[in-house]
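Right, one structure below, let's go through it.
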Amino acid sequence: MSLSGRTDAEILIVDDEPDVRWALSTVLRAEGLESRNAGDGPSALRLIRPETPDVMLLDLRMPCMEGMEVLREAKKLSPVLAVIVLTAYGSIPLAVEAMRGGAYDFLSKPFDNDELILTIRRALREQGLEKESEGRFRGLVEMLPEMVYEADADLQLTYANRAALSTFGYTEEGLAAGVDISRLFEGGESEKVRDFLKNDLKGYAAVPVVYTARRKDGSLFPCEVRCAAIKAADGSELGFRGTMRDVSRQMSFQEQLRRARTLHAVGQLAGGVADRFNNLLTGIIGYGRLVRDAVAENEAVQKDVEEILEAGQRATALTRQLLAFSRRLVLRPRVLDLNEVVADAEKELGRLVGEEVELVIALAEGLGHIKADPCQTEQILVNLALNARDAMPTGGKLTIETASVALDGQFCSTHAEITPGHYVMLRVSDTGRGMDEATREHLFEPFFTTKEAGAGTGLGLATVYGIVKQSGGHIHCSSELGRGTKFEIYFPMAEEPAEPALAEEDRRSDPRRR
């Protein structure tokens, strides 16, 4: 064992003089080191790989290709290569230029063999430490959830960690074939990425940029890109390295939060209008009843007054729905067994959806309890069932399920306004025509409807949203055109035992269900 303790080190001798190459090979062989020879720059560059050789002994004065150019190209091919410059034309300016170009050391001919061996020994020792450190660092990089990449000056990917390969759908072999990093992005975004890396990048991009990325299978996702230039000692750009992150969840979460805030603001406005309108209706209906009693003997006038009173009652029902959306209903919460609420409502739900719709009830055993208003909880079921029925005009299947669930941080990171914990879930799904994204975005807004004019108030789902929120719960809708719709409602699980279910006579007499 010799030098730094390594017997597998490889030295590349690059000199146009055969006698010099033979002499250097002899000295190295005496130290137990194998060497390879090249008589000119192009031949030497063909022998260089990312990890080998370990050291290059380079003459600066050669035909075909000057030694300084060989040095620069060699460092591009193998940044860890230790280049020891050997020349008979030694000078301080030349030495400075070589060191700036990435040389490890500079020796003037004729040189002392012991000095050469000591320089090689030091280079191998430092290189071994550097490679060991790089190996540890590379191991850590492979474990990161973020995508880490490196690319050369031509934007060809030279390295991508496991997260990057998995996200984009490439294998290491596919990457080795050479992938232009700009091809990982969609259409016009590709040119923006090239401009960002080639022209706009000045040092480290502290502010990340989000582009639309394309996986190997063609699917798209928003990708946050950071990068920094890899520069040689002389300041020339060798390539780029940086990180990328799939921000689909983050952007989805931000969009959900924006919608929730919008609905809250609309709810505040709707609640204020409903309160004022209720005050006006109280006067209208009250005076209408007085007029009806005063004209009891005049049937024609009394009939007109009855129409006024009936319109007033319809307006009262409308304001009640607005109050539900704005979370201003007077609730009577109690600890409930959600399974009992669903079972009690099953008969009515079957009547509402009709014979053409198959109603499937799947209740979980040992279900946790919730604290909610039983009448309004049943109203949620009724409104969702009616919404499903309208989405299946030619029939289909409506499924109502319950389950106890534990929501973790990962789930909550993609669902706004919900915290980790134990919940009771109510899932209502149908096999109807489904909705597109534009429809889902406005789904819970009051007076929003996809039905024909006069076919609905557009308050059914808004009412559901308000009741769920006022009960401390959360509602989530997923739907695709032609693939049905699924509503999932999460009620916080209550620790107290359930109270008796709402009696039938109490249900019929509750004024909030009129």
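To be explicit about the labels: the chains of the structure tokens are called A, B, and onward in the order shown, and within each one the residues are counted from 1, while ligands get numbers from 1 in the order they are shown.
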
### Message
Give me the residues near Ala9 (chain A) as a PyMOL selection string, where near means some atom within 9 Å (using only C-alpha atoms) and where sequence neighbours in that chain fewer than 6 positions away do not count.
### Response
chain A and resi 33-35+52-55+124

How close does region 214-233 of chain A get to region 163-169 of chain A? List, as CSV, each residue of region 214-233 of chain A within 8 Å, its nearest atom pair and the distance in Å to one decimal, counting only C-alpha atoms.
```
residue,atom,partner,partner_atom,distance
A:Arg214,CA,A:Phe168,CA,7.3
A:Arg215,CA,A:Phe168,CA,4.4
A:Lys216,CA,A:Gly169,CA,5.4
A:Asp217,CA,A:Gly169,CA,7.3
```

### Query
Can you list, as a VMD selection string, every protein, DNA or RNA residue that comes within 10 Å of Ser190 (chain A) when you count only C-alpha atoms, leaving out same-chain residues fewer than 4 positions away?
chain A and resid 180 to 186 194 to 196 211 to 214

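Using only C-alpha atoms, the nearest neighbour of Cys227 (chain A) within the list A:Cys375, A:Leu107, A:Met147, A:Leu386 is A:Met147.
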
### Task
Please give the complete set of residues from region 315-466 of chain A that DSSP, run on the backbone, assigns to strand (DSSP E), formatted as a VMD selection string.
chain A and resid 334 to 336 357 to 362 369 to 372 396 to 407 421 to 430

May I have the residues from that selection written out with N, CA, C and O atoms, as a compact mmCIF listing (two decimals), in the first residue's frame?
```txt
# COMPACT_ATOMS: atom_id res chain seq x y z
N ARG A 334 -77.15 18.80 20.39
CA ARG A 334 -77.12 17.75 21.41
C ARG A 334 -76.15 16.67 20.92
O ARG A 334 -75.80 16.63 19.73
N VAL A 335 -75.72 15.82 21.82
CA VAL A 335 -74.81 14.74 21.43
C VAL A 335 -75.62 13.65 20.72
O VAL A 335 -76.59 13.12 21.28
N LEU A 336 -75.23 13.36 19.47
CA LEU A 336 -76.02 12.48 18.61
C LEU A 336 -75.23 11.25 18.18
O LEU A 336 -74.00 11.28 18.06
N VAL A 357 -83.99 5.90 -8.44
CA VAL A 357 -82.69 6.05 -7.79
C VAL A 357 -82.55 4.99 -6.70
O VAL A 357 -83.39 4.89 -5.80
N GLU A 358 -81.50 4.18 -6.79
CA GLU A 358 -81.24 3.18 -5.77
C GLU A 358 -80.57 3.84 -4.57
O GLU A 358 -79.52 4.47 -4.71
N LEU A 359 -81.18 3.71 -3.41
CA LEU A 359 -80.64 4.30 -2.19
C LEU A 359 -79.91 3.23 -1.39
O LEU A 359 -80.50 2.22 -0.99
N VAL A 360 -78.62 3.44 -1.15
CA VAL A 360 -77.80 2.49 -0.41
C VAL A 360 -77.32 3.17 0.87
O VAL A 360 -76.71 4.24 0.83
N ILE A 361 -77.59 2.54 2.01
CA ILE A 361 -77.17 3.06 3.31
C ILE A 361 -76.12 2.13 3.90
O ILE A 361 -76.36 0.93 4.04
N ALA A 362 -74.95 2.66 4.23
CA ALA A 362 -73.87 1.86 4.81
C ALA A 362 -73.40 2.54 6.10
O ALA A 362 -72.66 3.53 6.05
N HIS A 369 -69.70 9.66 18.42
CA HIS A 369 -70.82 10.60 18.52
C HIS A 369 -70.41 11.99 18.05
O HIS A 369 -69.23 12.34 18.03
N ILE A 370 -71.41 12.78 17.69
CA ILE A 370 -71.18 14.17 17.30
C ILE A 370 -72.09 15.07 18.11
O ILE A 370 -73.11 14.61 18.67
N LYS A 371 -71.76 16.35 18.17
CA LYS A 371 -72.61 17.31 18.84
C LYS A 371 -73.16 18.25 17.78
O LYS A 371 -72.43 19.07 17.21
N ALA A 372 -74.46 18.11 17.50
CA ALA A 372 -75.08 18.89 16.43
C ALA A 372 -76.58 18.96 16.66
O ALA A 372 -77.14 18.23 17.50
N GLY A 396 -80.07 6.23 -11.04
CA GLY A 396 -78.67 5.97 -10.66
C GLY A 396 -78.62 5.44 -9.24
O GLY A 396 -79.60 4.85 -8.75
N LYS A 397 -77.50 5.63 -8.58
CA LYS A 397 -77.35 5.13 -7.22
C LYS A 397 -76.88 6.25 -6.29
O LYS A 397 -75.93 6.97 -6.60
N LEU A 398 -77.56 6.37 -5.16
CA LEU A 398 -77.20 7.32 -4.12
C LEU A 398 -76.73 6.52 -2.90
O LEU A 398 -77.47 5.68 -2.38
N THR A 399 -75.50 6.76 -2.47
CA THR A 399 -74.92 6.03 -1.34
C THR A 399 -74.65 6.98 -0.18
O THR A 399 -74.03 8.03 -0.36
N ILE A 400 -75.12 6.60 1.00
CA ILE A 400 -74.88 7.38 2.22
C ILE A 400 -74.11 6.49 3.19
O ILE A 400 -74.57 5.40 3.54
N GLU A 401 -72.93 6.95 3.60
CA GLU A 401 -72.06 6.16 4.47
C GLU A 401 -71.64 6.97 5.70
O GLU A 401 -71.60 8.21 5.64
N THR A 402 -71.32 6.27 6.76
CA THR A 402 -70.75 6.90 7.95
C THR A 402 -69.48 6.16 8.34
O THR A 402 -69.33 4.96 8.05
N ALA A 403 -68.59 6.84 9.03
CA ALA A 403 -67.34 6.21 9.47
C ALA A 403 -66.69 7.09 10.52
O ALA A 403 -66.86 8.31 10.53
N SER A 404 -65.95 6.45 11.42
CA SER A 404 -65.10 7.18 12.36
C SER A 404 -63.71 7.26 11.74
O SER A 404 -63.16 6.25 11.29
N VAL A 405 -63.14 8.47 11.67
CA VAL A 405 -61.85 8.64 11.00
C VAL A 405 -60.91 9.47 11.88
O VAL A 405 -61.36 10.28 12.69
N ALA A 406 -59.62 9.23 11.71
CA ALA A 406 -58.58 10.04 12.36
C ALA A 406 -57.84 10.77 11.26
O ALA A 406 -57.22 10.15 10.40
N LEU A 407 -57.92 12.08 11.25
CA LEU A 407 -57.29 12.89 10.21
C LEU A 407 -55.91 13.34 10.70
O LEU A 407 -55.78 13.92 11.78
N GLY A 421 -57.14 15.32 14.11
CA GLY A 421 -57.95 14.84 15.24
C GLY A 421 -58.91 13.76 14.81
O GLY A 421 -58.84 13.24 13.69
N HIS A 422 -59.82 13.41 15.72
CA HIS A 422 -60.81 12.35 15.47
C HIS A 422 -62.14 12.97 15.05
O HIS A 422 -62.64 13.91 15.69
N TYR A 423 -62.69 12.41 13.97
CA TYR A 423 -63.91 12.96 13.39
C TYR A 423 -64.87 11.83 13.05
O TYR A 423 -64.48 10.67 12.91
N VAL A 424 -66.16 12.21 12.91
CA VAL A 424 -67.16 11.30 12.37
C VAL A 424 -67.48 11.80 10.96
O VAL A 424 -67.83 12.98 10.77
N MET A 425 -67.33 10.92 9.99
CA MET A 425 -67.52 11.32 8.59
C MET A 425 -68.88 10.87 8.07
O MET A 425 -69.32 9.75 8.30
N LEU A 426 -69.54 11.77 7.35
CA LEU A 426 -70.75 11.46 6.61
C LEU A 426 -70.42 11.64 5.13
O LEU A 426 -70.04 12.73 4.70
N ARG A 427 -70.53 10.55 4.36
CA ARG A 427 -70.23 10.61 2.93
C ARG A 427 -71.52 10.37 2.13
O ARG A 427 -72.21 9.37 2.35
N VAL A 428 -71.82 11.29 1.22
CA VAL A 428 -72.98 11.17 0.35
C VAL A 428 -72.48 11.23 -1.08
O VAL A 428 -71.93 12.25 -1.52
N SER A 429 -72.62 10.14 -1.83
CA SER A 429 -72.10 10.08 -3.20
C SER A 429 -73.17 9.59 -4.16
O SER A 429 -74.07 8.83 -3.79
N ASP A 430 -73.06 10.05 -5.40
CA ASP A 430 -74.03 9.64 -6.42
C ASP A 430 -73.30 9.27 -7.70
O ASP A 430 -72.10 9.51 -7.84
```

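Here CA of Arg226 (chain A) and CA of Glu142 (chain A) stand 17.5 Å from one another.
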
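Among the candidates A:Ala123, A:Leu12, A:Val353, A:Met143, the residue lying nearest to Ala82 (chain A) is A:Ala123 (atoms considered: only C-alpha atoms).
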
### Task
Give me, please, the distance in Å between CA of Thr431 (chain A) and CA of Gly395 (chain A), quoted to one decimal.
8.8 Å

### Query
Which is closest to Val148 (chain A) among A:Phe491, A:Phe444, A:Phe240, A:Tyr287, if we use only C-alpha atoms?
A:Phe240

### Task
Could you check how far CA of Asn37 (chain A) sits from CA of Glu66 (chain A), in Å to one decimal?
16.7 Å

### A:Ser219, A:Asn383, A:Thr87, A:Asn278 ranked by distance to Val464 (chain A), top pick (using only C-alpha atoms)
A:Asn383

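Distance annotation: of A:Val225, A:Val179, A:Ala294, A:Val141, the residue with the minimal separation from Val193 (chain A) is A:Val225; atom set is only C-alpha atoms.
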
### Query
So, counting only C-alpha atoms, which residue among A:Glu73, A:Gly239, A:Glu306, A:Gly354 is closest to Thr158 (chain A)?
A:Gly239
